[in-house]
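K.L.:
One structure is given below, represented as structure tokens, and several questions about it will come after.
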Amino acid sequence: MSNKIYLVLENGDVFEGKSFGAPISKDQPVIGELVFTTGATGYLETITDPNFCGQTVIQTFPLIGNYGVIDAETIGEKSYLKAYIVREWCEEPSNFRCEGDLSTFLLNLGVPGLYDIDTRALTKIVRDNGVMNAALTTDPNFDAKLLKDYKITAPVAVVSKGETVEYTVENAANKVVILNMGVTRHAEEYLNALGCDVICVPADTKAEEILAMNSNGVVISDGPGDPKDNGAVVEEIKKLVAANVPVLGISLGHQLLALANGADTYKLKYGHRGGNQPSKYLETGRIYVTSQNHGYAVCDKTLPEGAEVIFTNINDGSCEGIRYKNGLSVQFIPSATGGMNATAFIYDEFVKMLKGGKN
């Protein structure tokens, strides 16, 4: 594992490192949007998270792969990453649940990896200059000007499953529809645990179809990309809001619900990514450590009358939770892999909003 490759940034900086995972073709550089994630663990979730669609991910924690590959810790069957960057990867993992090593895992997913570079310095560049495009290449003289035009196109269409899937429980008290923008498995599992039948539908499902399912409420899931790229989905959400259907928005869904209510969104300088993002619940003053993965935020100053901000990010003060007359949204994942369930009360509050069920 000593093949030399280079990371060329849009600003002209070049990092030399070594290849692991899927190999890089000599005549085919791998271009992606360069972002960083701050989790010390959870690398399997990161690699299989559809929210990273089209992005090259830097792990800020220096040693990755020490517990190997554990299938139960993944949140998807494939990866949508362009590339994966670490300071050092553990070639001989040690864990009683281990089922393989990180390099082979990346190889099987078709994701190229880069290691043996200064990820601290690289992260500082992104933090100070903002998210930028970058190329993984075998050519140290790759022209950075070629990176300027790269754009992640229609990522929701890439990651959103095209079929309707049902998750039922015995003696369900409610029925909930999840609008799948790239959903991970957490939402349906927790709603099932709360006694809800769940119907997961594709992102392009019309409001009329959702209303015809006679559900008690709708969840707009997490997903990748710029919320404003989903104008058609926002128009359908407006219809659900007008029909007075209880709606819960999660991550991208939080932003889409805000747009449907007339608010605005904006791009963050470098986003919030990782399982250690601090968010303050304004009703109690308590700070929760949350799992987040997004590059956009809701502008709270543009919220309509009656909408109330209930969570804010501790690091930058951005809006991370909103309560509407008949809706609720949060920027983080309320219930995530690894026992991060402290904010799962968001689902409980949503279930209390459902109409016609046996709450």
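Within each chain, counting starts at residue 1; across the structure tokens, chains are named A, B, ... in the order shown, with ligands numbered 1 upward in that order.
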Set the distance at 6 Å and use only C-alpha atoms: which residues neighbour Thr37 of chain A once local chain neighbours fewer than 4 positions away are removed? I'd like the list as a list of chain:residue names.
P.N.:
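Once the nearby chain positions are removed, what remains is A:Gln59, A:Arg273, A:Gly274.
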K.L.:
Fewer than 5 positions away in the same chain doesn't count, so skip those; otherwise give me all residues within 7 Å of segment 340-356 of chain A, counting only C-alpha atoms, as a PyMOL selection string.
P.N.:
chain A and resi 216-217+246+248+334-335
K.L.:
Take the residues from that selection and put them in a file with C-alpha atoms, as a compact mmCIF listing (two decimals), in the first residue's frame.
P.N.:
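Output file result01.txt is given in full below:
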```
# COMPACT_ATOMS: atom_id res chain seq x y z
CA ASN A 216 -51.56 10.50 10.44
CA GLY A 217 -48.40 12.46 9.58
CA PRO A 246 -48.46 17.10 10.91
CA LEU A 248 -41.54 16.36 10.94
CA PRO A 334 -32.73 12.56 16.56
CA SER A 335 -31.81 8.88 16.90
```
K.L.:
Write out as a list in words each polymer residue whose atoms come within 7 Å of Leu9 of chain A, counting only C-alpha atoms; drop sequence neighbours fewer than 4 positions from it.
P.N.:
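In the requested format, the answer is Asp13, Val14, Asn133, Ala134, Ala135 and Ala144 of chain A.
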K.L.:
Considering only C-alpha atoms, return as a list in words whatever protein or nucleic-acid residues lie within 10 Å of segment 227-231 of chain A, sequence-local ones (same chain, fewer than 4 positions apart) excluded.
P.N.:
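Selected residues are Thr153, Ala154, Pro155, Val156, Ala157, Met181, Ala203, Asp204, Gly223, Glu235, Glu236, Ile237, Leu252, Gly253, His254, Gln255, Leu256, Leu257, Ala258, Leu259, Ala260, Asp264, Thr265, Tyr266, Lys267, Gly295, Tyr296, Ala297 and Val298 of chain A.
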K.L.:
Among the residues of segment 99-160 of chain A, find those DSSP assigns to alpha helix (DSSP H) from the backbone and print them as a list in words.
P.N.:
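For segment 99-160 of chain A, the alpha helix (DSSP H) set is Leu102, Ser103, Thr104, Phe105, Leu106, Leu107, Asn108, Leu109, Thr119, Arg120, Ala121, Leu122, Thr123, Lys124, Ile125, Val126, Arg127, Asp128, Asn129, Pro155, Val156, Ala157, Val158 and Val159 of chain A.
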K.L.:
Quick one: residues within 9 Å of Gly262 of chain A, only C-alpha atoms, excluding same-chain residues fewer than 5 positions away - as a list in words?
P.N.:
Leu257, Thr302, Leu303 and Pro304 of chain A
K.L.:
Looking at A:Thr205, A:Ser79, A:Ser160, A:Gln331, which one is nearest to Thr56 of chain A, with distances taken over only C-alpha atoms?
P.N.:
A:Ser79
K.L.:
Which residue is closest to Leu211 of chain A? Choose from A:Thr184, A:Asn192, A:Thr38, A:Asn244 and count only C-alpha atoms.
P.N.:
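Among A:Thr184, A:Asn192, A:Thr38, A:Asn244, it is A:Asn244 that comes nearest to Leu211 of chain A.
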K.L.:
So how many Å separate atom CA of Lys206 of chain A and atom CA of Cys319 of chain A, to one decimal?
P.N.:
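These two atoms are separated by 28.2 Å.
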